[in-house]
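Next up, upload-v8.cif (mmCIF, C-alpha atoms and all ligand atoms):
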data_entry
loop_
_atom_site.label_atom_id
_atom_site.label_comp_id
_atom_site.auth_asym_id
_atom_site.auth_seq_id
_atom_site.Cartn_x
_atom_site.Cartn_y
_atom_site.Cartn_z
CA MET X 405 47.32 -28.92 -20.62
CA VAL X 406 50.47 -26.81 -20.71
CA SER X 407 53.28 -28.32 -18.71
CA PRO X 408 53.74 -26.85 -15.24
CA VAL X 409 56.56 -24.51 -14.51
CA LEU X 410 59.48 -26.29 -13.00
CA ILE X 411 60.60 -25.08 -9.72
CA LEU X 412 63.82 -26.60 -8.69
CA PHE X 413 64.60 -27.13 -5.14
CA SER X 414 68.02 -25.59 -5.15
CA THR X 415 69.38 -26.96 -1.88
CA PHE X 416 70.25 -30.13 -3.63
CA LEU X 417 71.35 -28.85 -6.96
CA PHE X 418 75.06 -28.52 -6.63
CA HIS X 419 75.65 -31.42 -4.30
CA VAL X 420 74.50 -34.00 -6.70
CA ALA X 421 77.27 -35.55 -8.71
CA ILE X 422 77.64 -39.28 -8.82
CA ALA X 423 80.59 -41.12 -10.40
CA GLY X 424 81.54 -38.17 -12.54
CA ARG X 425 78.23 -38.31 -14.14
CA ARG X 426 76.00 -35.34 -13.40
CA MET X 427 72.44 -36.32 -12.92
CA TRP X 428 69.39 -35.23 -10.96
CA PRO X 429 68.14 -37.68 -8.41
CA ILE X 430 64.52 -38.07 -9.36
CA ASN X 431 63.09 -38.01 -5.88
CA THR X 432 64.66 -34.68 -4.91
CA LEU X 433 63.07 -32.80 -7.79
CA LYS X 434 59.56 -31.48 -7.51
CA CYS X 435 57.30 -29.56 -9.85
CA ILE X 436 54.70 -27.42 -8.13
CA PRO X 437 52.33 -25.06 -9.89
CA ARG X 438 52.72 -21.34 -9.68
CA VAL X 439 50.22 -19.81 -7.23
CA CYS X 440 48.49 -16.48 -7.91
CA PRO X 441 47.76 -13.90 -5.20
CA PHE X 442 44.75 -14.55 -3.00
CA ALA X 443 41.57 -13.46 -4.77
CA GLY X 444 38.93 -15.07 -2.61
CA ILE X 445 37.07 -11.93 -1.63
CA LEU X 446 35.13 -9.54 -3.85
CA GLU X 447 33.48 -6.69 -2.01
CA ASN X 448 29.70 -6.62 -2.65
CA GLY X 449 30.03 -9.80 -4.68
CA ALA X 450 31.22 -13.39 -4.63
CA VAL X 451 34.14 -15.37 -6.11
CA ARG X 452 33.87 -18.96 -7.32
CA TYR X 453 37.14 -20.87 -7.21
CA THR X 454 38.77 -24.19 -6.48
CA THR X 455 42.39 -23.04 -6.02
CA PHE X 456 44.41 -19.99 -7.00
CA GLU X 457 47.03 -22.09 -8.80
CA TYR X 458 48.09 -21.96 -12.40
CA PRO X 459 46.21 -22.65 -14.72
CA ASN X 460 42.89 -22.32 -12.91
CA THR X 461 40.16 -19.86 -13.68
CA ILE X 462 38.06 -18.13 -11.04
CA SER X 463 34.75 -16.38 -11.65
CA PHE X 464 32.94 -13.41 -10.16
CA THR X 465 29.40 -12.24 -9.51
CA CYS X 466 28.09 -9.10 -7.84
CA ASN X 467 25.27 -8.71 -5.34
CA PRO X 468 21.98 -7.15 -6.52
CA GLY X 469 22.45 -3.42 -6.89
CA PHE X 470 26.06 -3.84 -8.03
CA TYR X 471 27.52 -4.55 -11.45
CA LEU X 472 30.84 -6.08 -12.47
CA ASN X 473 33.32 -3.41 -13.43
CA GLY X 474 35.61 -5.79 -15.34
CA THR X 475 35.29 -9.35 -16.59
CA ASN X 476 33.34 -12.16 -14.97
CA SER X 477 36.36 -14.49 -14.84
CA ALA X 478 40.16 -14.37 -14.57
CA LYS X 479 42.86 -16.92 -15.11
CA CYS X 480 46.04 -17.55 -13.15
CA THR X 481 48.88 -17.24 -15.69
CA GLU X 482 52.26 -18.95 -15.90
CA GLU X 483 53.74 -15.80 -14.46
CA GLY X 484 51.59 -16.13 -11.37
CA ASN X 485 49.26 -13.22 -11.85
CA TRP X 486 45.61 -12.82 -12.77
CA SER X 487 44.56 -12.11 -16.31
CA PRO X 488 42.66 -10.03 -16.99
CA GLU X 489 42.90 -7.91 -13.88
CA LEU X 490 40.49 -8.65 -11.05
CA PRO X 491 37.17 -6.79 -11.37
CA SER X 492 35.31 -4.84 -8.71
CA CYS X 493 31.60 -4.54 -7.98
CA ALA X 494 30.45 -1.00 -8.61
CA PRO X 495 27.08 0.30 -7.35
CA VAL X 496 24.25 0.51 -9.88
CA THR X 497 22.96 4.05 -10.31
CA CYS X 498 19.81 5.41 -11.86
CA PRO X 499 19.76 8.74 -13.69
CA PRO X 500 17.21 11.30 -12.45
CA PRO X 501 13.74 9.86 -13.10
CA PRO X 502 11.73 11.21 -16.03
CA VAL X 503 8.75 13.27 -14.84
CA PRO X 504 5.40 12.16 -16.31
CA LYS X 505 3.12 14.65 -18.01
CA PHE X 506 0.96 16.68 -15.56
CA ALA X 507 3.15 15.53 -12.65
CA THR X 508 5.82 17.05 -10.45
CA LEU X 509 8.51 15.45 -8.31
CA LYS X 510 7.40 15.73 -4.71
CA THR X 511 10.29 13.87 -3.07
CA TYR X 512 13.58 13.24 -4.78
CA LYS X 513 17.13 13.39 -3.51
CA PRO X 514 19.97 12.06 -5.65
CA SER X 515 22.30 10.10 -3.38
CA ALA X 516 25.20 9.47 -5.78
CA GLY X 517 26.15 12.77 -7.35
CA ASN X 518 23.34 13.57 -9.73
CA ASN X 519 22.14 9.96 -9.69
CA SER X 520 20.33 7.62 -7.35
CA LEU X 521 21.43 4.30 -5.92
CA TYR X 522 19.68 0.94 -6.09
CA ARG X 523 16.48 0.99 -3.94
CA ASP X 524 16.35 4.78 -3.72
CA THR X 525 12.88 6.16 -4.27
CA ALA X 526 11.25 9.22 -5.77
CA VAL X 527 7.66 10.34 -5.23
CA PHE X 528 5.47 12.11 -7.79
CA GLU X 529 2.45 14.32 -7.35
CA CYS X 530 -0.12 15.25 -9.98
CA LEU X 531 -0.97 18.82 -10.86
CA PRO X 532 -4.25 20.13 -9.37
CA HIS X 533 -7.38 18.53 -10.87
CA HIS X 534 -5.35 15.61 -12.21
CA ALA X 535 -5.73 12.13 -10.73
CA MET X 536 -2.91 9.64 -10.41
CA PHE X 537 -3.10 6.22 -11.98
CA GLY X 538 -0.34 3.90 -10.82
CA ASN X 539 2.00 4.17 -7.86
CA ASP X 540 3.20 7.61 -6.79
CA THR X 541 6.52 6.07 -5.70
CA VAL X 542 9.17 4.82 -8.11
CA THR X 543 12.23 2.84 -7.07
CA CYS X 544 15.70 2.63 -8.64
CA THR X 545 16.06 -1.00 -9.76
CA ALA X 546 19.09 -3.27 -10.00
CA HIS X 547 18.94 -2.68 -13.77
CA GLY X 548 19.68 1.00 -13.34
CA ASN X 549 16.20 2.09 -14.42
CA TRP X 550 13.16 3.15 -12.44
CA THR X 551 10.05 1.10 -11.77
CA GLU X 552 6.99 1.98 -13.79
CA LEU X 553 6.06 5.66 -13.71
CA PRO X 554 2.54 6.71 -12.70
CA GLU X 555 0.23 8.61 -15.03
CA CYS X 556 -1.58 11.84 -14.25
CA LYS X 557 -4.83 12.50 -16.09
CA GLU X 558 -7.35 15.30 -16.01
CA VAL X 559 -10.63 13.95 -14.66
CA LYS X 560 -14.02 15.58 -15.22
CA CYS X 561 -17.21 14.94 -13.31
CA PRO X 562 -20.75 15.63 -14.58
CA PHE X 563 -22.73 18.36 -12.82
CA PRO X 564 -24.34 16.79 -9.75
CA SER X 565 -28.11 16.54 -9.90
CA ARG X 566 -30.40 18.25 -7.40
CA PRO X 567 -32.11 15.82 -5.02
CA ASP X 568 -35.91 15.86 -4.72
CA ASN X 569 -36.94 18.12 -1.81
CA GLY X 570 -33.42 19.50 -1.54
CA PHE X 571 -30.64 21.44 -3.21
CA VAL X 572 -27.02 21.12 -4.28
CA ASN X 573 -24.25 23.73 -4.50
CA TYR X 574 -21.12 23.41 -6.59
CA PRO X 575 -18.46 25.75 -8.00
CA ALA X 576 -19.68 28.01 -10.80
CA LYS X 577 -17.37 26.69 -13.52
CA GLN X 578 -17.61 25.40 -17.06
CA VAL X 579 -16.47 21.94 -16.02
CA LEU X 580 -16.14 20.22 -12.70
CA LEU X 581 -12.86 18.42 -12.15
CA TYR X 582 -11.16 15.90 -9.87
CA LYS X 583 -11.34 16.93 -6.18
CA ASP X 584 -13.98 19.59 -6.82
CA LYS X 585 -16.65 19.50 -4.14
CA ALA X 586 -20.43 19.77 -4.03
CA THR X 587 -22.62 20.26 -0.96
CA PHE X 588 -26.16 19.01 -0.45
CA GLY X 589 -29.04 20.11 1.74
CA CYS X 590 -32.75 19.38 2.16
CA HIS X 591 -35.88 21.50 2.50
CA ASP X 592 -37.68 21.96 5.83
CA THR X 593 -38.83 18.59 7.16
CA TYR X 594 -36.57 16.48 5.00
CA THR X 595 -33.38 14.83 6.18
CA LEU X 596 -30.26 14.29 4.11
CA ASP X 597 -29.43 10.63 3.59
CA GLY X 598 -25.70 10.63 2.83
CA PRO X 599 -22.83 13.04 3.38
CA GLU X 600 -23.34 16.79 3.14
CA GLU X 601 -20.23 17.15 1.02
CA VAL X 602 -19.21 14.97 -1.93
CA GLU X 603 -16.08 15.05 -4.05
CA CYS X 604 -15.34 14.43 -7.71
CA THR X 605 -13.43 11.13 -7.70
CA ARG X 606 -10.69 9.75 -9.93
CA ALA X 607 -13.37 7.55 -11.54
CA GLY X 608 -15.09 10.71 -12.85
CA ASN X 609 -18.16 10.37 -10.62
CA TRP X 610 -19.15 11.81 -7.26
CA SER X 611 -18.10 10.12 -4.04
CA ALA X 612 -21.79 9.71 -3.04
CA GLN X 613 -25.31 10.59 -4.16
CA PRO X 614 -27.14 12.00 -1.16
CA SER X 615 -30.93 12.20 -1.22
CA CYS X 616 -33.59 13.85 0.92
CA LYS X 617 -35.82 11.62 3.00
CA ALA X 618 -39.15 12.46 4.61
CA THR X 619 -39.81 12.74 8.35
CA CYS X 620 -42.21 10.25 10.04
CA LYS X 621 -45.34 11.51 11.81
CA ILE X 622 -46.03 9.76 15.07
CA SER X 623 -49.61 8.46 15.21
CA ILE X 624 -49.29 7.18 18.78
CA LYS X 625 -50.61 9.47 21.50
CA LYS X 626 -48.82 7.99 24.45
CA ALA X 627 -45.92 5.62 24.78
CA THR X 628 -42.63 5.37 26.57
CA VAL X 629 -39.96 4.00 24.26
CA LEU X 630 -36.21 3.43 24.28
CA TYR X 631 -34.36 5.98 22.18
CA GLN X 632 -30.56 5.89 22.10
CA GLY X 633 -30.59 3.77 25.24
CA GLU X 634 -32.87 6.15 27.22
CA ARG X 635 -36.52 5.91 28.14
CA VAL X 636 -38.37 8.80 26.49
CA LYS X 637 -41.99 9.78 25.94
CA ILE X 638 -42.45 9.36 22.20
CA GLN X 639 -44.92 12.24 21.79
CA GLU X 640 -42.49 14.66 23.49
CA GLN X 641 -39.27 13.46 21.99
CA PHE X 642 -40.69 13.40 18.47
CA LYS X 643 -43.25 16.20 18.55
CA ASN X 644 -41.76 17.45 15.25
CA GLY X 645 -41.75 13.93 13.83
CA MET X 646 -39.05 11.29 13.62
CA LYS X 647 -36.17 11.85 11.27
CA HIS X 648 -35.33 9.38 8.53
CA GLY X 649 -33.13 6.69 10.05
CA ASP X 650 -34.18 7.27 13.68
CA LYS X 651 -34.77 4.06 15.64
CA VAL X 652 -36.83 3.47 18.77
CA SER X 653 -37.72 0.34 20.75
CA PHE X 654 -41.33 -0.19 21.81
CA PHE X 655 -42.29 -2.13 24.92
CA CYS X 656 -44.63 -5.09 24.47
CA LYS X 657 -46.26 -7.39 27.03
CA ASN X 658 -45.77 -11.08 27.35
CA LYS X 659 -49.20 -11.94 28.84
CA GLU X 660 -48.35 -15.47 30.05
CA LYS X 661 -45.18 -14.48 31.85
CA LYS X 662 -46.50 -11.05 32.86
CA CYS X 663 -43.36 -9.31 31.74
CA SER X 664 -42.25 -6.92 28.99
CA TYR X 665 -39.85 -7.12 26.07
CA THR X 666 -38.88 -4.63 23.37
CA GLU X 667 -39.21 -4.49 19.60
CA GLU X 668 -37.42 -2.01 17.37
CA ALA X 669 -38.95 0.27 14.75
CA GLN X 670 -37.20 2.63 12.35
CA CYS X 671 -38.35 5.66 10.40
CA ILE X 672 -37.63 5.05 6.70
CA ASP X 673 -38.43 7.94 4.35
CA GLY X 674 -41.64 9.00 6.10
CA THR X 675 -42.85 5.56 7.15
CA ILE X 676 -42.47 3.80 10.45
CA GLU X 677 -44.00 0.42 11.15
CA ILE X 678 -45.15 0.21 14.73
CA PRO X 679 -44.46 -3.29 16.08
CA LYS X 680 -47.65 -5.41 16.06
CA CYS X 681 -47.10 -6.48 19.65
CA PHE X 682 -47.36 -2.87 20.84
CA LYS X 683 -50.83 -2.07 22.29
CA GLU X 684 -51.93 1.45 22.91
CA HIS X 685 -54.55 1.61 25.63
CA SER X 686 -57.50 3.88 25.35
CA SER X 687 -57.00 6.93 27.54
CA LEU X 688 -60.06 5.78 29.47
CA ALA X 689 -58.55 2.42 30.37
CA PHE X 690 -56.65 3.91 33.28
CA TRP X 691 -56.69 0.67 35.28
CA LYS X 692 -54.52 -1.11 32.71
CA THR X 693 -50.78 -1.23 33.23
CA ASP X 694 -48.69 -0.02 30.29
CA ALA X 695 -46.10 -2.42 28.92
CA TRP X 696 -43.25 -0.07 29.81
CA ASP X 697 -44.27 -0.22 33.47
CA VAL X 698 -44.06 -4.02 33.57
CA LYS X 699 -40.83 -5.73 34.66
CA ALA X 700 -38.61 -6.91 31.88
CA CYS X 701 -38.73 -10.58 30.85
C1 LIG X 801 36.06 0.47 -12.86
O1 LIG X 801 37.37 -0.02 -12.83
C2 LIG X 801 38.32 0.91 -13.31
C3 LIG X 801 39.66 0.22 -13.40
O2 LIG X 801 39.84 -0.61 -12.28
C4 LIG X 801 38.36 2.11 -12.37
O3 LIG X 801 39.27 3.06 -12.84
C5 LIG X 801 36.97 2.72 -12.35
O4 LIG X 801 36.94 3.78 -11.40
C6 LIG X 801 35.96 1.69 -11.97
N1 LIG X 801 34.64 2.28 -12.10
C7 LIG X 801 33.77 2.28 -11.11
C8 LIG X 801 32.46 2.90 -11.41
O5 LIG X 801 34.02 1.83 -10.00
C1 LIG X 802 25.37 17.25 -11.91
O1 LIG X 802 24.77 17.87 -13.02
C2 LIG X 802 25.19 19.20 -13.23
C3 LIG X 802 24.35 19.79 -14.34
O2 LIG X 802 24.17 18.87 -15.38
C4 LIG X 802 26.68 19.18 -13.57
O3 LIG X 802 27.12 20.48 -13.76
C5 LIG X 802 27.44 18.55 -12.42
O4 LIG X 802 28.79 18.43 -12.73
C6 LIG X 802 26.87 17.18 -12.09
N1 LIG X 802 27.49 16.69 -10.89
C7 LIG X 802 27.99 15.46 -10.78
C8 LIG X 802 28.58 15.10 -9.47
O5 LIG X 802 27.97 14.66 -11.71
C1 LIG X 803 4.02 1.69 -4.27
O1 LIG X 803 5.29 1.09 -4.43
C2 LIG X 803 5.97 0.91 -3.20
C3 LIG X 803 7.35 0.39 -3.48
O2 LIG X 803 7.73 0.62 -4.77
C4 LIG X 803 5.19 -0.05 -2.34
O3 LIG X 803 5.83 -0.21 -1.09
C5 LIG X 803 3.81 0.49 -2.11
O4 LIG X 803 3.04 -0.46 -1.41
C6 LIG X 803 3.13 0.80 -3.43
N1 LIG X 803 1.89 1.47 -3.15
C7 LIG X 803 0.73 1.10 -3.71
C8 LIG X 803 -0.47 1.89 -3.34
O5 LIG X 803 0.66 0.16 -4.49
C1 LIG X 804 14.32 -1.84 -16.77
O1 LIG X 804 15.31 -2.54 -17.48
C2 LIG X 804 15.08 -3.95 -17.54
C3 LIG X 804 16.30 -4.59 -18.17
O2 LIG X 804 16.72 -3.89 -19.27
C4 LIG X 804 13.81 -4.20 -18.33
O3 LIG X 804 13.54 -5.59 -18.40
C5 LIG X 804 12.66 -3.52 -17.64
O4 LIG X 804 11.47 -3.66 -18.40
C6 LIG X 804 12.97 -2.03 -17.45
N1 LIG X 804 11.91 -1.48 -16.61
C7 LIG X 804 11.22 -0.41 -16.95
C8 LIG X 804 10.16 0.03 -16.01
O5 LIG X 804 11.45 0.21 -17.97
C1 LIG X 805 -17.91 5.56 -9.49
O1 LIG X 805 -17.47 4.78 -10.61
C2 LIG X 805 -16.74 3.62 -10.22
C3 LIG X 805 -16.18 2.98 -11.46
O2 LIG X 805 -17.07 3.03 -12.51
C4 LIG X 805 -17.69 2.69 -9.45
O3 LIG X 805 -16.98 1.53 -9.07
C5 LIG X 805 -18.19 3.42 -8.22
O4 LIG X 805 -19.11 2.60 -7.54
C6 LIG X 805 -18.84 4.73 -8.61
N1 LIG X 805 -19.13 5.45 -7.37
C7 LIG X 805 -20.32 5.94 -7.10
C8 LIG X 805 -20.47 6.65 -5.81
O5 LIG X 805 -21.26 5.82 -7.88
#

Rewrite the structure of this file - the entire thing - as C-alpha cells.
Ligand SMILES: *[C@@H]1O[C@H](CO)[C@@H](O)[C@H](O)[C@H]1NC(C)=O
Ligand SMILES: *[C@@H]1O[C@H](CO)[C@@H](O)[C@H](O)[C@H]1NC(C)=O
Ligand SMILES: *[C@@H]1O[C@H](CO)[C@@H](O)[C@H](O)[C@H]1NC(C)=O
Ligand SMILES: *[C@@H]1O[C@H](CO)[C@@H](O)[C@H](O)[C@H]1NC(C)=O
Ligand SMILES: *[C@@H]1O[C@H](CO)[C@@H](O)[C@H](O)[C@H]1NC(C)=O
Amino acid sequence: MVSPVLILFSTFLFHVAIAGRRMWPINTLKCIPRVCPFAGILENGAVRYTTFEYPNTISFTCNPGFYLNGTNSAKCTEEGNWSPELPSCAPVTCPPPPVPKFATLKTYKPSAGNNSLYRDTAVFECLPHHAMFGNDTVTCTAHGNWTELPECKEVKCPFPSRPDNGFVNYPAKQVLLYKDKATFGCHDTYTLDGPEEVECTRAGNWSAQPSCKATCKISIKKATVLYQGERVKIQEQFKNGMKHGDKVSFFCKNKEKKCSYTEEAQCIDGTIEIPKCFKEHSSLAFWKTDAWDVKAC
C-alpha cells in the first residue's frame, strides 16, 4: 500500500514549540485519506463501491439495453480524482434490420436517428404466394442485433382432385400457390361434406378435402319426429330426402310405463338407421296411439 497523503491540521502548527526544540505533538497530527468526488450514481446502471477514498476502486455496470461508454472501473488517485474518467451508460442501438428474401418490411420506425433502440420491433410480410416460416416480428436485443429473422418461401399446392358426384373450380394457372383458393360443389341430390372453399396452405396442401355425400330416402310413411327442436312430420319435412348429416329424433313407447322417449338417427351418406324401438303402425290400425302422442316419460 502506498502511504496516505499527509494532511496537517494547521491550527496547531505554529504554536508548537517546546523548550526551544521544535517538535510535533503526536496526538495533534492526523493523516486522513484523500476523498474523491461522489460517484455513487450511474444513470441507467449501477456503481459498486465501499468508499470514495484514496486508494479505492469502484466498478460500474449498465442496465440491459445500455452499454458502458468507458471503463468498468475507476480508481481514486492521490490527487483526489477518478482515473480513468467516470463512464456513462449509453443506449444500445440496432442498425436497420436486414430484410429476408421474398419479404418486405411492413412496420418499421427507427427511434434513434437511423437506428432502433433496445426492445424496438419491426414486422415483416412475405410477398404474395410466399408463406412465412418463423416469427413476423423481430426485436432489437440488448446485444445490438435483431432476433432471428423469419423466412419467406414460395409454396405450391397440387391441383385439387374432383370429388365423386361433384366438381371443383380453381384458377386456370400452371401452378397453384400459397393462398390460392378452390371451390367445391356437388351434383343434384348430393351434399357437400366440408367447406365450399379451400385454400392452399403453408404446408403445401389444401385446407380441407370436401366430398359429396348422398341423400337418405325416407322409407317411413308416417311419423312425427323432432327436427332441430321442432315436431315435424317426417314425410313432409323430408319429401326430397334427408341431407347427409341431418339428425332427427324418433318417438318410442315405453309399454310398462305408458310413456314415450326419443332416440336419435342421423343420415350418413345415403343411409339412416331407424331406431329399433320405433314402431310404425299399419295405416289400418287406427285405434292404436302413436308414440309421439303419448306423454313423455
Ligand atoms: C461516450 O463518452 C464520450 C466521452 O465521455 C462522449 O463524448 C460520447 O458522446 C459518449 N458516447 C455516447 C454514445 O454516449
Ligand atoms: C441516416 O441515413 C442517411 C442515409 O444513409 C444519412 O444521410 C443520415 O445522415 C442518417 N441520419 C442520422 C441521424 O444518422
Ligand atoms: C413473435 O415474437 C414476439 C416477440 O418477439 C412474441 O411476442 C410473439 O408471441 C411471437 N409470435 C409467435 C407467433 O411466436
Ligand atoms: C446477437 O448477438 C449475440 C452476441 O453477439 C449472439 O450470441 C446472438 O446469436 C446474436 N443473435 C442473432 C439472432 O444473430
Ligand atoms: C397438410 O399437411 C400438414 C403437414 O404435412 C398436415 O399436418 C395436415 O394435416 C395436412 N392438412 C390436410 C388438410 O390434409

Around all the atoms of region 663-677 of chain X listed in the file, with 4 Å of room on each side, what axis-aligned box do you get, giving centre and edge lengths in Å to one decimal, as JSON?
{"center_x": -40.6, "center_y": -0.2, "center_z": 18.0, "size_x": 14.8, "size_y": 26.3, "size_z": 35.4}

Please check which protein, DNA or RNA residues sit within 8 Å of ligand LIG 801 (chain X), counting only C-alpha atoms and all ligand atoms, and write them as a PyMOL selection string.
chain X and resi 473-474+491-495

Closest to ligand LIG 803 (chain X) among X:Cys701, X:Cys530, X:Leu446, X:Met536, using all atoms listed in the file?
X:Met536

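Distances to Asp697 (chain X) were evaluated for X:Thr525, X:Thr619, X:Thr675, X:Ser664 using all atoms listed in the file, and the minimum falls at X:Ser664.
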
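Residues of protein or nucleic acid lying within 12 Å of ligand LIG 802 (chain X), counting only C-alpha atoms and all ligand atoms, are Thr497, Pro499, Pro500, Pro514, Ser515, Ala516, Gly517, Asn518, Asn519 and Ser520 of chain X.
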
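Using only C-alpha atoms and all ligand atoms for every distance, the candidate list X:Pro567, X:Pro501, X:Gly649, X:Gly484 yields X:Pro501 as the residue closest to ligand LIG 804 (chain X).
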
Would you give me, as a tab-separated table, each residue of chain X having an atom within 8 Å of an atom of ligand LIG 805 (chain X), along with its shortest atom pair and that distance in Å to one decimal, using all atoms listed in the file and sorting by chain and residue number?
residue	atom	partner	partner_atom	distance
X:Thr605	CA	X:LIG805	C1	7.4
X:Ala607	CA	X:LIG805	O1	5.0
X:Gly608	CA	X:LIG805	C1	6.8
X:Asn609	CA	X:LIG805	C1	4.9
X:Trp610	CA	X:LIG805	C8	5.5
X:Ser611	CA	X:LIG805	C8	4.6
X:Ala612	CA	X:LIG805	C8	4.3
X:Gln613	CA	X:LIG805	C8	6.5

Got a sec to check which residues sit within 12 Å of (-46.1, 10.9, 25.1), counting only C-alpha atoms, and write them as JSON, numbers by chain?
{"X": [622, 623, 624, 625, 626, 627, 628, 629, 635, 636, 637, 638, 639, 640, 641, 642, 643, 684, 687]}

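Near ligand LIG 803 (chain X), at a distance of at most 12 Å and with only C-alpha atoms and all ligand atoms counted, sit the residues Arg523, Asp524, Thr525, Ala526, Val527, Phe528, Met536, Phe537, Gly538, Asn539, Asp540, Thr541, Val542, Thr543, Cys544, Thr545, Trp550, Thr551, Glu552, Leu553 and Pro554 of chain X.
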
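Distance annotation: of X:Cys480, X:Ala669, X:Cys620, X:Leu521, the residue with the minimal separation from Thr455 (chain X) is X:Cys480; atom set is all atoms listed in the file.
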
Name the residues within 10 Å of (-42.9, -1.3, 29.4), counting all atoms listed in the file in the file's coordinates, and put them as a count of residues only.
22

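With CA of Glu457 (chain X) on one side and CA of Ile445 (chain X) on the other, the separation reads 15.9 Å.
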
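Distances to Pro441 (chain X) were evaluated for X:Tyr522, X:Phe470, X:Phe464, X:Trp486 using only C-alpha atoms, and the minimum falls at X:Trp486.
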
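With only C-alpha atoms and all ligand atoms as the atoms that count, the residue of X:His534, X:Cys498, X:Gly589, X:Leu509 with the shortest distance to ligand LIG 804 (chain X) is X:Cys498.
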
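Relative to atom C2 of ligand LIG 804 (chain X), CA of Lys505 (chain X) is found at 22.1 Å.
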
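Shell of Lys647 (chain X) at 8 Å, with all atoms listed in the file counted and residues fewer than 3 places along the chain excluded, is Tyr594, Thr595, Ala618, Thr619, Cys620, Asp650 and Cys671 of chain X.
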
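When CA of Lys585 (chain X) is paired with CA of Ala507 (chain X), their separation reads 21.9 Å.
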